[in-house]
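Q: Structure file model19.cif (mmCIF, C-alpha atoms (C1' of nucleotides)) right here:
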```cif
data_model
#
loop_
_atom_site.label_atom_id
_atom_site.label_comp_id
_atom_site.auth_asym_id
_atom_site.auth_seq_id
_atom_site.Cartn_x
_atom_site.Cartn_y
_atom_site.Cartn_z
CA MET A 10 141.63 120.23 108.81
CA ASN A 11 138.38 121.89 108.03
CA LYS A 12 139.86 122.84 104.70
CA LYS A 13 141.07 119.31 103.94
CA LEU A 14 137.66 117.77 104.52
CA LEU A 15 135.94 120.43 102.45
CA LYS A 16 138.50 120.08 99.69
CA ILE A 17 137.88 116.35 99.48
CA TYR A 18 134.15 116.96 99.38
CA ASN A 19 134.45 119.51 96.61
CA ARG A 20 136.65 117.25 94.53
CA LEU A 21 134.24 114.36 94.90
CA TYR A 22 131.23 116.52 94.14
CA ASP A 23 132.92 117.97 91.08
CA ALA A 24 133.84 114.50 89.85
CA PHE A 25 130.58 112.67 90.53
CA GLY A 26 127.85 115.25 91.13
CA PRO A 27 124.87 114.73 93.45
CA GLN A 28 124.25 111.09 94.37
CA GLY A 29 120.58 111.29 95.32
CA TRP A 30 120.83 109.17 98.44
CA TRP A 31 119.25 107.21 100.04
CA PRO A 32 117.41 105.18 97.41
CA GLY A 33 114.00 104.34 98.87
CA ASP A 34 110.41 105.53 98.57
CA THR A 35 109.66 105.90 102.28
CA PRO A 36 111.61 106.42 105.50
CA PHE A 37 110.73 102.86 106.49
CA GLU A 38 112.13 101.48 103.26
CA VAL A 39 115.32 103.44 103.90
CA ALA A 40 115.61 101.90 107.36
CA VAL A 41 115.01 98.42 105.98
CA GLY A 42 117.71 99.03 103.37
CA ALA A 43 120.12 100.19 106.08
CA ILE A 44 119.74 96.88 107.89
CA LEU A 45 119.82 94.71 104.78
CA THR A 46 122.93 96.35 103.35
CA GLN A 47 125.10 95.38 106.32
CA ASN A 48 128.26 93.90 104.82
CA THR A 49 126.38 93.35 101.59
CA ASN A 50 126.36 94.66 98.05
CA TRP A 51 123.49 97.09 97.39
CA GLN A 52 122.38 95.15 94.30
CA ASN A 53 121.53 92.19 96.47
CA VAL A 54 119.64 94.45 98.84
CA GLU A 55 117.54 95.74 95.95
CA ARG A 56 116.47 92.20 95.08
CA ALA A 57 115.44 91.62 98.67
CA ILE A 58 113.49 94.88 98.83
CA LYS A 59 111.77 94.05 95.56
CA ASN A 60 110.70 90.70 97.03
CA LEU A 61 109.28 92.49 100.07
CA ARG A 62 107.44 94.97 97.88
CA ASP A 63 106.04 92.32 95.54
CA ALA A 64 104.82 90.36 98.58
CA ARG A 65 103.32 93.58 99.98
CA CYS A 66 105.54 93.26 103.02
CA LEU A 67 107.27 96.60 102.95
CA SER A 68 105.54 98.12 105.95
CA PRO A 69 106.20 97.92 109.69
CA MET A 70 102.99 96.05 110.49
CA THR A 71 103.37 93.42 107.77
CA ILE A 72 106.91 92.65 108.83
CA PHE A 73 105.73 92.66 112.42
CA LYS A 74 103.14 90.02 111.59
CA ILE A 75 104.80 87.59 109.16
CA SER A 76 106.80 84.63 110.42
CA HIS A 77 110.55 84.57 110.70
CA ASN A 78 110.78 81.95 107.96
CA GLU A 79 108.61 83.88 105.52
CA LEU A 80 110.62 87.01 106.12
CA ALA A 81 113.95 85.21 105.80
CA GLU A 82 112.84 83.70 102.50
CA LEU A 83 111.88 87.10 101.08
CA ILE A 84 115.18 88.72 102.01
CA ARG A 85 117.32 85.72 101.05
CA PRO A 86 119.14 87.52 98.19
CA SER A 87 120.64 90.06 100.62
CA GLY A 88 122.63 87.34 102.36
CA TYR A 89 122.78 86.54 106.11
CA PHE A 90 119.04 86.15 105.74
CA ASN A 91 118.47 84.49 109.11
CA VAL A 92 120.29 87.13 111.14
CA LYS A 93 118.81 89.93 109.07
CA ALA A 94 115.28 88.57 109.49
CA LEU A 95 115.87 88.69 113.24
CA ARG A 96 117.26 92.20 113.00
CA LEU A 97 114.30 93.45 110.97
CA LYS A 98 111.95 91.85 113.47
CA ASN A 99 113.80 93.51 116.35
CA PHE A 100 113.57 96.86 114.60
CA VAL A 101 109.84 96.70 113.88
CA ASP A 102 109.16 95.44 117.42
CA PHE A 103 110.95 98.54 118.64
CA LEU A 104 109.02 100.72 116.21
CA VAL A 105 105.64 99.24 117.07
CA HIS A 106 106.12 99.33 120.82
CA GLN A 107 107.84 102.69 121.16
CA TYR A 108 106.52 104.68 118.23
CA ARG A 109 103.20 103.10 117.32
CA GLY A 110 104.77 101.56 114.25
CA SER A 111 105.76 104.76 112.48
CA LEU A 112 109.09 106.46 111.90
CA MET A 113 107.16 109.72 111.70
CA ASN A 114 106.66 109.52 115.44
CA MET A 115 110.43 109.54 115.94
CA GLN A 116 110.87 112.77 114.01
CA HIS A 117 110.40 115.23 116.88
CA GLU A 118 112.92 113.58 119.20
CA ASP A 119 116.49 114.67 119.70
CA ALA A 120 119.10 112.90 117.54
CA ASP A 121 121.24 111.82 120.50
CA VAL A 122 118.26 110.32 122.28
CA LEU A 123 117.14 108.48 119.15
CA ARG A 124 120.64 107.20 118.51
CA ALA A 125 120.93 105.78 122.00
CA LYS A 126 117.56 104.04 121.60
CA LEU A 127 118.41 102.62 118.18
CA LEU A 128 121.69 101.25 119.50
CA GLN A 129 119.73 99.27 122.08
CA VAL A 130 118.05 97.33 119.29
CA LYS A 131 119.95 94.11 118.66
CA GLY A 132 121.29 94.18 115.13
CA ILE A 133 121.55 97.94 114.88
CA GLY A 134 125.09 99.18 115.37
CA LYS A 135 126.55 102.64 114.94
CA GLU A 136 126.65 102.76 111.17
CA THR A 137 123.13 101.42 110.74
CA ALA A 138 121.76 103.73 113.44
CA ASP A 139 123.43 106.75 111.90
CA SER A 140 122.24 105.82 108.41
CA ILE A 141 118.67 105.65 109.70
CA LEU A 142 119.07 108.96 111.53
CA LEU A 143 120.53 110.77 108.54
CA TYR A 144 118.72 109.26 105.59
CA ALA A 145 115.36 108.22 107.04
CA LEU A 146 114.90 110.84 109.75
CA ASN A 147 116.88 113.77 108.33
CA LYS A 148 118.98 114.20 111.45
CA ARG A 149 122.35 115.90 111.12
CA VAL A 150 124.52 112.88 111.92
CA PHE A 151 127.53 111.91 109.82
CA VAL A 152 127.70 108.27 108.76
CA ILE A 153 131.10 106.56 108.97
CA ASP A 154 131.80 103.37 107.08
CA ALA A 155 134.77 101.26 106.06
CA TYR A 156 135.46 103.43 103.01
CA THR A 157 135.52 106.62 105.08
CA LYS A 158 138.20 105.27 107.37
CA ARG A 159 140.16 103.75 104.51
CA ILE A 160 140.20 106.96 102.50
CA LEU A 161 140.93 109.31 105.40
CA SER A 162 143.73 107.15 106.76
CA ARG A 163 145.27 106.60 103.34
CA HIS A 164 145.30 110.35 102.84
CA GLY A 165 146.92 110.87 106.22
CA ILE A 166 143.98 112.60 107.91
CA ILE A 167 143.33 109.98 110.60
CA SER A 168 145.34 107.07 111.90
CA GLU A 169 144.61 103.62 110.55
CA ASP A 170 143.11 102.44 113.82
CA ALA A 171 140.89 105.46 114.51
CA SER A 172 137.58 104.51 116.12
CA TYR A 173 134.12 105.13 114.66
CA ASP A 174 133.42 107.86 117.18
CA GLU A 175 136.73 109.62 116.63
CA CYS A 176 136.15 109.62 112.93
CA GLN A 177 132.60 110.91 113.27
CA GLU A 178 133.70 113.62 115.69
CA LEU A 179 136.14 114.85 113.06
CA PHE A 180 133.33 115.48 110.57
CA HIS A 181 130.99 116.92 113.19
CA SER A 182 133.52 119.41 114.50
CA HIS A 183 135.20 120.43 111.25
CA LEU A 184 132.26 120.75 108.89
CA SER A 185 129.21 122.96 109.18
CA ARG A 186 126.30 120.90 110.50
CA ASP A 187 124.47 120.87 107.23
CA LEU A 188 122.02 118.08 106.47
CA GLN A 189 122.52 118.15 102.72
CA LEU A 190 126.31 118.25 103.08
CA TYR A 191 126.30 115.21 105.39
CA ASN A 192 123.93 113.37 103.10
CA GLU A 193 125.92 113.99 99.95
CA TYR A 194 129.36 113.58 101.49
CA HIS A 195 128.82 110.08 102.78
CA ALA A 196 127.22 109.01 99.51
CA LEU A 197 130.17 110.43 97.57
CA ILE A 198 132.63 108.58 99.79
CA VAL A 199 130.88 105.30 99.05
CA ARG A 200 130.87 106.15 95.36
CA VAL A 201 134.59 106.87 95.17
CA GLY A 202 135.30 103.95 97.48
CA LYS A 203 133.53 101.51 95.20
CA GLU A 204 135.30 102.74 92.11
CA PHE A 205 138.81 103.45 93.36
CA CYS A 206 139.51 102.22 96.87
CA ARG A 207 139.00 98.48 96.80
CA LYS A 208 141.87 96.14 97.40
CA ARG A 209 143.29 96.68 93.97
CA PRO A 210 142.64 100.38 93.53
CA LYS A 211 142.94 102.13 90.22
CA CYS A 212 144.05 105.25 92.02
CA LYS A 213 145.66 106.66 88.89
CA ASP A 214 142.31 108.13 87.86
CA CYS A 215 140.91 108.76 91.33
CA PRO A 216 139.59 112.31 91.72
CA LEU A 217 141.30 112.43 95.12
CA GLY A 218 144.67 111.64 93.60
CA ARG A 219 147.03 108.96 94.83
CA ASP A 220 147.14 108.15 98.51
CA LYS A 221 149.94 109.40 100.72
CA GLY A 222 153.07 107.44 99.90
CA GLY A 223 151.42 105.11 97.43
CA ALA A 224 150.64 102.74 100.26
CA TYR A 225 147.89 100.83 98.49
CA GLU A 226 149.06 97.21 98.45
"C1'" DG S 29 137.72 79.08 93.07
"C1'" DA S 30 139.01 83.24 95.59
"C1'" DC S 31 137.74 87.61 96.94
"C1'" DC S 32 134.63 91.19 98.06
"C1'" DA S 33 130.41 93.87 99.61
"C1'" DG S 34 127.24 100.67 102.22
"C1'" DG S 35 128.13 95.31 109.82
"C1'" DC S 36 126.92 93.30 114.03
"C1'" DA S 37 126.85 90.28 118.18
"C1'" DC S 38 129.16 87.36 120.91
"C1'" DA S 39 133.11 84.74 122.99
"C1'" DT S 40 137.58 85.08 124.61
"C1'" DC S 41 141.77 87.03 126.17
"C1'" DG H 21 139.57 97.52 124.82
"C1'" DA H 22 141.29 94.55 121.11
"C1'" DT H 23 140.87 90.47 118.36
"C1'" DG H 24 138.61 86.43 116.14
"C1'" DT H 25 134.49 84.14 114.35
"C1'" DG H 26 129.84 83.11 112.36
"C1'" DC H 27 126.47 84.75 109.47
"C1'" DA H 28 125.28 83.81 103.25
"C1'" DT H 29 124.18 85.75 98.81
"C1'" DG H 30 125.61 87.17 94.06
"C1'" DG H 31 129.15 89.73 91.07
"C1'" DT H 32 133.88 89.94 89.29
#
```
Transcribe the structure of this file into structure tokens.
A:
Amino acid sequence: MNKKLLKIYNRLYDAFGPQGWWPGDTPFEVAVGAILTQNTNWQNVERAIKNLRDARCLSPMTIFKISHNELAELIRPSGYFNVKALRLKNFVDFLVHQYRGSLMNMQHEDADVLRAKLLQVKGIGKETADSILLYALNKRVFVIDAYTKRILSRHGIISEDASYDECQELFHSHLSRDLQLYNEYHALIVRVGKEFCRKRPKCKDCPLGRDKGGAYE
DNA sequence: GACCAGGCACATC
DNA sequence: GATGTGCATGGT
């Protein structure tokens, strides 16, 4: 199993090279992106982040202070702007009250403790929490998303209905706990997912080869 | 016009 | 625990 996961990684890395994730100038911007990208195309998230930057609202305290409506308007292009405005507010409330408004103050804490705390914030689920832990806080936590499950199940490594935690445990126990490996691997999965694993996959040219049994639609 | 995108909370069974 | 639904924009 170890070998399979590594083999997939090597094939993806050979095909696509380093992905340079996560796009973002600061840990806070990374965290904001993680919330805004929920069920949303990254291009739309970039527009929203640009709006925040242009309005000088890309810091914990500014988002803490502005009104819900102002915030929602700025992030409108990322979709679900009302729920996401709430979620960003919840996150900065958490940050301000527990960490004096800075992700830096989270750095020294244990990943499991941080994860549990993040999951208490309404609007932050497992994938978002893990993205923040890995890409904003450099914690060795593997991020699972829809593509990961789709690819692994189509290649017969997990069952179709495997849970998030099961899937994550697979990576944690069968790969060396290497920050850079986790970082790159997830990014590569998203890359190959976007290009080859959508509903009408062009798996002919996929670097991972065809899925087991040609079961794509 | 339909379908999809780097989810999550909440209601219901 | 599993399943269904609302949330909303912009690209293909």
Q: Find the residues in chain H near chain A: any atom within 8 Å counts, using all atoms listed in the file. Write them as a list in words.
A: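 Applying the cut-off to the listed atoms yields DC27, DA28, DT29 and DG30 of chain H.
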Q: Counting all atoms listed in the file, what is within 12 Å of H:DT32, bar same-chain residues fewer than 3 positions away, as a list in words?
A: DA30, DC31, DC32 and DA33 of chain S
Q: What does the PyMOL selection byres ((chain S) within 7 of (chain A)) select in this file, as an mmCIF file with C-alpha atoms (C1' of nucleotides), in the coordinates of the input?
A:
```cif
data_model
loop_
_atom_site.group_PDB
_atom_site.id
_atom_site.type_symbol
_atom_site.label_atom_id
_atom_site.label_comp_id
_atom_site.auth_asym_id
_atom_site.auth_seq_id
_atom_site.Cartn_x
_atom_site.Cartn_y
_atom_site.Cartn_z
ATOM 1 C "C1'" DA S 33 130.410 93.870 99.610
ATOM 2 C "C1'" DG S 34 127.240 100.670 102.220
ATOM 3 C "C1'" DG S 35 128.130 95.310 109.820
ATOM 4 C "C1'" DC S 36 126.920 93.300 114.030
#
```
Q: List the residues selected by the PyMOL selection byres ((chain H and resi 22) around 12) in the file shown, writing them as a PyMOL selection string.
A: (chain A and resi 170+172) or (chain S and resi 40-41) or (chain H and resi 21+23-24)
Q: Take the selection from the previous step and output its residues with C-alpha atoms (C1' of nucleotides), as a tab-separated table (two decimals), keeping the file's coordinate frame.
A:
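The resulting file, selection-v4.tsv, is shown below:
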```tsv
chain	number	residue	atom	x	y	z
A	170	ASP	CA	143.11	102.44	113.82
A	172	SER	CA	137.58	104.51	116.12
S	40	DT	C1'	137.58	85.08	124.61
S	41	DC	C1'	141.77	87.03	126.17
H	21	DG	C1'	139.57	97.52	124.82
H	23	DT	C1'	140.87	90.47	118.36
H	24	DG	C1'	138.61	86.43	116.14
```
Q: Around all of chain S's listed atoms, make the axis-aligned box with 4 Å on each side and tell me centre and edge lengths in Å to one decimal, as JSON.
A:
```
{"center_x": 134.3, "center_y": 89.9, "center_z": 109.6, "size_x": 22.9, "size_y": 29.6, "size_z": 41.1}
```
Q: A:Leu123, A:Ala94, A:Val150, A:Val105: which is nearest A:Val41, counting only C-alpha atoms?
A: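 Once distances to A:Val41 are computed over only C-alpha atoms, the minimum belongs to A:Ala94.
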Q: What is the distance between atom CA of A:Gln28 and atom CA of A:Glu193, in Å to one decimal?
A: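 According to the coordinates, atom CA of A:Gln28 and atom CA of A:Glu193 are separated by 6.5 Å.
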Q: Can you turn the PyMOL selection byres ((chain A and resi 144) around 12) into a concrete residue list for this file, as a PyMOL selection string?
A: chain A and resi 29-43+112+136-143+145-152+188-189+191-193+195-196
Q: What separation in Å, quoted to one decimal, exists between atom CA of A:Lys98 and atom CA of A:Ile72?
A: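 Straight-line distance from atom CA of A:Lys98 to atom CA of A:Ile72 works out to 6.9 Å.
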Q: Complete stretch 40-61 of chain A with N, CA and C atoms (output as a PDB file, in the coordinates of the input).
A:
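The resulting file, out_37.pdb, is shown below:
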```
ATOM      1  N   ALA A  40     115.145 102.598 106.153  1.00  0.00           N
ATOM      2  CA  ALA A  40     115.610 101.900 107.360  1.00  0.00           C
ATOM      3  C   ALA A  40     115.816 100.416 107.081  1.00  0.00           C
ATOM      4  N   VAL A  41     114.884  99.830 106.346  1.00  0.00           N
ATOM      5  CA  VAL A  41     115.010  98.420 105.980  1.00  0.00           C
ATOM      6  C   VAL A  41     116.286  98.213 105.148  1.00  0.00           C
ATOM      7  N   GLY A  42     116.513  99.116 104.199  1.00  0.00           N
ATOM      8  CA  GLY A  42     117.710  99.030 103.370  1.00  0.00           C
ATOM      9  C   GLY A  42     118.976  99.135 104.211  1.00  0.00           C
ATOM     10  N   ALA A  43     118.943  99.993 105.223  1.00  0.00           N
ATOM     11  CA  ALA A  43     120.120 100.190 106.080  1.00  0.00           C
ATOM     12  C   ALA A  43     120.480  98.899 106.808  1.00  0.00           C
ATOM     13  N   ILE A  44     119.480  98.144 107.211  1.00  0.00           N
ATOM     14  CA  ILE A  44     119.740  96.880 107.890  1.00  0.00           C
ATOM     15  C   ILE A  44     120.182  95.808 106.890  1.00  0.00           C
ATOM     16  N   LEU A  45     119.508  95.767 105.750  1.00  0.00           N
ATOM     17  CA  LEU A  45     119.820  94.710 104.780  1.00  0.00           C
ATOM     18  C   LEU A  45     121.185  94.901 104.123  1.00  0.00           C
ATOM     19  N   THR A  46     121.681  96.109 104.062  1.00  0.00           N
ATOM     20  CA  THR A  46     122.930  96.350 103.350  1.00  0.00           C
ATOM     21  C   THR A  46     124.161  96.079 104.215  1.00  0.00           C
ATOM     22  N   GLN A  47     123.953  95.664 105.457  1.00  0.00           N
ATOM     23  CA  GLN A  47     125.100  95.380 106.320  1.00  0.00           C
ATOM     24  C   GLN A  47     126.027  94.355 105.669  1.00  0.00           C
ATOM     25  N   ASN A  48     127.239  94.769 105.423  1.00  0.00           N
ATOM     26  CA  ASN A  48     128.260  93.900 104.820  1.00  0.00           C
ATOM     27  C   ASN A  48     127.784  93.225 103.538  1.00  0.00           C
ATOM     28  N   THR A  49     127.013  93.942 102.775  1.00  0.00           N
ATOM     29  CA  THR A  49     126.380  93.350 101.590  1.00  0.00           C
ATOM     30  C   THR A  49     126.280  94.358 100.452  1.00  0.00           C
ATOM     31  N   ASN A  50     126.481  93.868  99.266  1.00  0.00           N
ATOM     32  CA  ASN A  50     126.360  94.660  98.050  1.00  0.00           C
ATOM     33  C   ASN A  50     124.934  95.213  97.891  1.00  0.00           C
ATOM     34  N   TRP A  51     124.810  96.461  97.491  1.00  0.00           N
ATOM     35  CA  TRP A  51     123.490  97.090  97.390  1.00  0.00           C
ATOM     36  C   TRP A  51     122.594  96.392  96.356  1.00  0.00           C
ATOM     37  N   GLN A  52     123.181  95.866  95.309  1.00  0.00           N
ATOM     38  CA  GLN A  52     122.380  95.150  94.300  1.00  0.00           C
ATOM     39  C   GLN A  52     121.585  94.018  94.918  1.00  0.00           C
ATOM     40  N   ASN A  53     122.226  93.300  95.812  1.00  0.00           N
ATOM     41  CA  ASN A  53     121.530  92.190  96.470  1.00  0.00           C
ATOM     42  C   ASN A  53     120.414  92.697  97.370  1.00  0.00           C
ATOM     43  N   VAL A  54     120.658  93.845  97.981  1.00  0.00           N
ATOM     44  CA  VAL A  54     119.640  94.450  98.840  1.00  0.00           C
ATOM     45  C   VAL A  54     118.417  94.836  98.003  1.00  0.00           C
ATOM     46  N   GLU A  55     118.658  95.349  96.817  1.00  0.00           N
ATOM     47  CA  GLU A  55     117.540  95.740  95.950  1.00  0.00           C
ATOM     48  C   GLU A  55     116.652  94.550  95.600  1.00  0.00           C
ATOM     49  N   ARG A  56     117.276  93.404  95.366  1.00  0.00           N
ATOM     50  CA  ARG A  56     116.470  92.200  95.080  1.00  0.00           C
ATOM     51  C   ARG A  56     115.585  91.873  96.268  1.00  0.00           C
ATOM     52  N   ALA A  57     116.189  91.949  97.457  1.00  0.00           N
ATOM     53  CA  ALA A  57     115.440  91.620  98.670  1.00  0.00           C
ATOM     54  C   ALA A  57     114.283  92.600  98.868  1.00  0.00           C
ATOM     55  N   ILE A  58     114.541  93.877  98.653  1.00  0.00           N
ATOM     56  CA  ILE A  58     113.490  94.880  98.830  1.00  0.00           C
ATOM     57  C   ILE A  58     112.387  94.694  97.790  1.00  0.00           C
ATOM     58  N   LYS A  59     112.772  94.317  96.592  1.00  0.00           N
ATOM     59  CA  LYS A  59     111.770  94.050  95.560  1.00  0.00           C
ATOM     60  C   LYS A  59     110.874  92.874  95.985  1.00  0.00           C
ATOM     61  N   ASN A  60     111.492  91.839  96.527  1.00  0.00           N
ATOM     62  CA  ASN A  60     110.700  90.700  97.030  1.00  0.00           C
ATOM     63  C   ASN A  60     109.705  91.160  98.080  1.00  0.00           C
ATOM     64  N   LEU A  61     110.165  92.001  99.001  1.00  0.00           N
ATOM     65  CA  LEU A  61     109.280  92.490 100.070  1.00  0.00           C
ATOM     66  C   LEU A  61     108.136  93.303  99.464  1.00  0.00           C
TER      67      LEU A  61
END
```
